[in-house]
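Novice: Mind looking over this structure? Questions follow.
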Amino acid sequence: MRRLSKIALAFTGLIVGLPLLCLALLVAGANTGIGRRWIEDAVSRFTDGKVAIDHLSGRFPDRLRIARIVVGDARGAWLTIDRAQLDWSPLRLIDGEVQVENLAAAHVAVARLPESAASGSGGPPRLPLGVSVDAFAIERLDLAAPVATAPAALRITGRLRLVSLAQGSVTLDGERLDSAGSYKLSGAATPDGLTVQIALTEPAHGLVSGFAGLPDPGPLTVAVRCGAIEHKM
């Protein structure tokens with residue numbers, strides 16, 4: 001009986017230890033040049049070439065740096081991200097949450113909407129895990145004419161927390177880099193309802209009329225708070 005107990009204990013240790021050893025080897029390998037190149041190749045293979053990452057660096061898995069990310073579809077590339085940074089806590093996945101401390105990029109270029117968004121195909125997406133981002137920033141966001149009617153460049157900062165796609169909070173601050181214009185948004189969705197605050201100012205031929213597909217209203221100042229709207233033109 002004692003021998004069986006020892007065998008069972010050794011077998012249990014093997015079951016627990018092997019996955020931990022494999023995980024340790026994976027993390028160690030991913031922090032080498034060969035391992036990083038393998039990850040870059042794997043991302044391309046697993047996405048059928050629709051996502052490509054170049055020059056992965058930093059510390060895997062919690063402090064990632066990527067020189068360039070290109071996302072495409074059947075028509076080619078539509079999104080390019082340069083000098084991306086992701087600082088997050090992988091262990092929080094055990095609690096069912098993606099906890100991100102910092103998400104940033106030096107430059108993001110959106111050439112057009114992806115095919116799925118442009119065609120409106122497919123049902124509404126679902127959020128498998130909660131998402132919390134303490135701070136995110138895009139130093140320069142370039143929107144091409146197919147996205148915003150006319151090309152636009154902005155700087156974006158903010159934070160967000162999503163329990164689901166119907167419950168959470170977000171804060172966004174945007175500033176035009178190629179002309180005048182500032183945009184501020186904060187909102188929170190709870191089971192009891194939705195609260196939103198919006199403040200924006202922009203000159204004629206701004207982003208709002210472009211996104212809405214409306215005739216240009218001229219210089220625009222808008223303030224919306226909890227459903228109470230003030231509109232000046």
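Chain lettering (A, B, ...) mirrors the order of the structure tokens, residue numbering begins at 1 for each chain separately, and ligand numbering begins at 1 in order of display.
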Do you know which residues are at most 12 Å from A:Gly49 counting only C-alpha atoms, after dropping those on the same chain fewer than 4 positions away, and could you put them as JSON, numbers by chain?
Specialist: {"A": [40, 41, 42, 43, 44, 45, 53, 69, 70, 71, 72, 73, 74, 76, 77]}
Novice: What's the 7 Å shell around stretch 141-155 of chain A, counting only C-alpha atoms, without same-chain residues fewer than 6 positions away, as an mmCIF file with C-alpha atoms, in the first residue's frame?
Specialist:
data_model
loop_
_atom_site.group_PDB
_atom_site.id
_atom_site.type_symbol
_atom_site.label_atom_id
_atom_site.label_comp_id
_atom_site.auth_asym_id
_atom_site.auth_seq_id
_atom_site.Cartn_x
_atom_site.Cartn_y
_atom_site.Cartn_z
ATOM 1 C CA HIS A 107 1.514 55.086 -35.501
ATOM 2 C CA VAL A 108 -1.687 53.427 -36.701
ATOM 3 C CA ALA A 109 -2.879 53.728 -40.305
ATOM 4 C CA VAL A 110 -6.384 52.639 -41.342
ATOM 5 C CA ALA A 111 -6.568 52.488 -45.138
ATOM 6 C CA ARG A 112 -10.195 51.332 -45.302
ATOM 7 C CA LEU A 113 -12.774 49.351 -43.378
ATOM 8 C CA GLY A 174 -8.751 62.803 -29.377
ATOM 9 C CA GLU A 175 -6.905 65.739 -30.925
ATOM 10 C CA ARG A 176 -6.525 66.487 -34.633
ATOM 11 C CA LEU A 177 -2.913 66.738 -35.722
ATOM 12 C CA ASP A 178 -3.511 67.975 -39.254
ATOM 13 C CA LEU A 207 -14.686 64.324 -38.938
ATOM 14 C CA GLY A 210 -17.547 62.877 -42.759
ATOM 15 C CA PHE A 211 -18.356 59.883 -40.570
#
Novice: Interatomic distance between atom CA of A:Ser132 and atom CA of A:Ala188?
Specialist: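 Separation between atom CA of A:Ser132 and atom CA of A:Ala188: 13.4 Å.
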Novice: Measure the distance from atom CA of A:Val222 to atom CA of A:Thr157 in Å and round it to one decimal.
Specialist: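 These atoms are spaced 19.8 Å apart.
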Novice: Of the residues A:Val208, A:Leu64, A:Ala104, A:Ala199, which is the one nearest to A:Gly158, using only C-alpha atoms?
Specialist: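 When distances to A:Gly158 are compared using only C-alpha atoms, the smallest one comes from A:Ala104.
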Novice: So which bits of stretch 40-222 of chain A end up helix (DSSP H, G or I) when you DSSP the backbone, as a list in words?
Specialist: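 Filtering stretch 40-222 of chain A to helix (DSSP H, G or I) leaves Glu40, Asp41, Ala42, Val43, Ser44, Arg45, Phe46, Pro90, Leu91, Arg92, Leu93, Ile94, Asp95, Glu115, Ser116, Ala117, Ala118, Ser119, Ala145, Pro146, Val147, Ala148, Leu207, Val208, Ser209, Gly210, Phe211 and Ala212 of chain A.
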Novice: Quick one: write out the picked residues with C-alpha atoms as a compact mmCIF listing (two decimals), in the first residue's frame?
Specialist:
# COMPACT_ATOMS: atom_id res chain seq x y z
CA GLU A 40 5.98 35.54 -36.00
CA ASP A 41 5.67 32.65 -38.47
CA ALA A 42 2.97 30.94 -36.37
CA VAL A 43 0.81 34.08 -36.27
CA SER A 44 0.88 34.28 -40.06
CA ARG A 45 0.10 30.57 -40.47
CA PHE A 46 -2.73 30.45 -37.94
CA PRO A 90 -1.41 37.00 -18.05
CA LEU A 91 -2.27 35.50 -14.65
CA ARG A 92 -5.47 37.56 -14.58
CA LEU A 93 -6.80 35.27 -17.31
CA ILE A 94 -7.46 32.77 -14.53
CA ASP A 95 -10.04 35.24 -13.18
CA GLU A 115 -14.51 43.57 -45.71
CA SER A 116 -16.68 42.16 -42.91
CA ALA A 117 -17.41 45.65 -41.51
CA ALA A 118 -17.93 47.21 -44.92
CA SER A 119 -20.40 44.52 -46.03
CA ALA A 145 -10.42 58.94 -47.19
CA PRO A 146 -12.42 55.66 -47.49
CA VAL A 147 -12.76 55.67 -43.68
CA ALA A 148 -13.41 59.33 -42.85
CA LEU A 207 -14.69 64.32 -38.94
CA VAL A 208 -18.27 64.35 -37.66
CA SER A 209 -19.90 65.25 -40.94
CA GLY A 210 -17.55 62.88 -42.76
CA PHE A 211 -18.36 59.88 -40.57
CA ALA A 212 -22.07 60.67 -40.57
Novice: Which residue, A:Arg75, A:Leu162, A:Arg36, A:Arg59, has the smallest gap to A:Glu97 when you use only C-alpha atoms?
Specialist: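 Nearest candidate to A:Glu97 out of A:Arg75, A:Leu162, A:Arg36, A:Arg59: A:Leu162.
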Novice: May I ask for the distance between atom CA of A:Leu194 and atom CA of A:Leu172, given in Å to one decimal place?
Specialist: 16.3 Å
Novice: Quick one: residues within 10 Å of A:Ala166, only C-alpha atoms counted, chain neighbours fewer than 2 positions away excluded, as a PyMOL selection string?
Specialist: chain A and resi 126-127+162-164+168-169+188-191+193-194
Novice: Just want the 8 Å neighbourhood of A:Glu101, counted on only C-alpha atoms, with same-chain residues fewer than 2 positions away dropped. Output as a PDB file with N, CA and C atoms, in the first residue's frame.
Specialist:
ATOM      1  N   LEU A  86       2.576  46.384 -25.468  1.00  0.00           N
ATOM      2  CA  LEU A  86       1.533  45.749 -24.665  1.00  0.00           C
ATOM      3  C   LEU A  86       2.131  45.298 -23.349  1.00  0.00           C
ATOM      4  N   ASP A  87       1.689  45.913 -22.252  1.00  0.00           N
ATOM      5  CA  ASP A  87       2.070  45.519 -20.904  1.00  0.00           C
ATOM      6  C   ASP A  87       0.811  45.002 -20.218  1.00  0.00           C
ATOM      7  N   TRP A  88       0.784  43.713 -19.865  1.00  0.00           N
ATOM      8  CA  TRP A  88      -0.426  43.135 -19.321  1.00  0.00           C
ATOM      9  C   TRP A  88      -0.088  42.054 -18.299  1.00  0.00           C
ATOM     10  N   SER A  89      -1.130  41.505 -17.654  1.00  0.00           N
ATOM     11  CA  SER A  89      -0.966  40.516 -16.586  1.00  0.00           C
ATOM     12  C   SER A  89      -1.606  39.198 -17.013  1.00  0.00           C
ATOM     13  N   GLN A  99      -6.313  41.813 -18.318  1.00  0.00           N
ATOM     14  CA  GLN A  99      -5.910  43.015 -17.597  1.00  0.00           C
ATOM     15  C   GLN A  99      -4.691  43.638 -18.266  1.00  0.00           C
ATOM     16  N   LEU A 103      -1.376  49.957 -23.313  1.00  0.00           N
ATOM     17  CA  LEU A 103      -1.496  49.552 -24.712  1.00  0.00           C
ATOM     18  C   LEU A 103      -1.216  50.789 -25.554  1.00  0.00           C
ATOM     19  N   VAL A 133      -8.312  48.010 -19.656  1.00  0.00           N
ATOM     20  CA  VAL A 133      -7.111  48.689 -20.147  1.00  0.00           C
ATOM     21  C   VAL A 133      -6.929  49.965 -19.331  1.00  0.00           C
ATOM     22  N   ASP A 134      -5.889  49.984 -18.506  1.00  0.00           N
ATOM     23  CA  ASP A 134      -5.659  51.144 -17.638  1.00  0.00           C
ATOM     24  C   ASP A 134      -5.300  52.394 -18.443  1.00  0.00           C
ATOM     25  N   ALA A 135      -4.549  52.217 -19.521  1.00  0.00           N
ATOM     26  CA  ALA A 135      -4.166  53.364 -20.353  1.00  0.00           C
ATOM     27  C   ALA A 135      -3.818  52.870 -21.748  1.00  0.00           C
TER      28      ALA A 135
END
Novice: Write out as JSON, numbers by chain all residues of stretch 45-116 of chain A that DSSP puts in strand (DSSP E) for this structure's backbone.
Specialist: {"A": [51, 52, 53, 54, 55, 56, 57, 58, 59, 63, 64, 65, 66, 67, 68, 69, 70, 71, 72, 73, 76, 77, 78, 79, 80, 81, 82, 83, 84, 85, 86, 87, 88, 89, 97, 98, 99, 100, 101, 102, 103, 104, 105, 106, 107, 108, 109, 110]}
Novice: Restricting the calculation to only C-alpha atoms: of A:Gly33, A:Val100, A:Pro128, A:Gly206, which residue gets closest to A:Asp62?
Specialist: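 For A:Asp62, the nearest of the candidates is A:Val100.
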Novice: Which polymer residues have any atom within 6 Å of an atom of A:Arg83, counting only C-alpha atoms, with same-chain residues fewer than 5 positions away left out, as an mmCIF file with N, CA and C atoms, in the first residue's frame?
Specialist:
data_model
loop_
_atom_site.group_PDB
_atom_site.id
_atom_site.type_symbol
_atom_site.label_atom_id
_atom_site.label_comp_id
_atom_site.auth_asym_id
_atom_site.auth_seq_id
_atom_site.Cartn_x
_atom_site.Cartn_y
_atom_site.Cartn_z
ATOM 1 N N ILE A 66 6.331 45.165 -30.556
ATOM 2 C CA ILE A 66 6.274 44.689 -31.931
ATOM 3 C C ILE A 66 6.527 45.880 -32.851
ATOM 4 N N ALA A 67 7.505 45.734 -33.730
ATOM 5 C CA ALA A 67 7.863 46.846 -34.619
ATOM 6 C C ALA A 67 6.733 47.163 -35.588
ATOM 7 N N ARG A 68 6.088 46.120 -36.131
ATOM 8 C CA ARG A 68 5.007 46.372 -37.093
ATOM 9 C C ARG A 68 3.998 45.226 -37.074
ATOM 10 N N ALA A 105 0.785 52.610 -29.309
ATOM 11 C CA ALA A 105 1.390 52.492 -30.631
ATOM 12 C C ALA A 105 1.861 53.864 -31.061
ATOM 13 N N ALA A 106 2.987 53.894 -31.754
ATOM 14 C CA ALA A 106 3.495 55.164 -32.251
ATOM 15 C C ALA A 106 2.686 55.642 -33.442
#
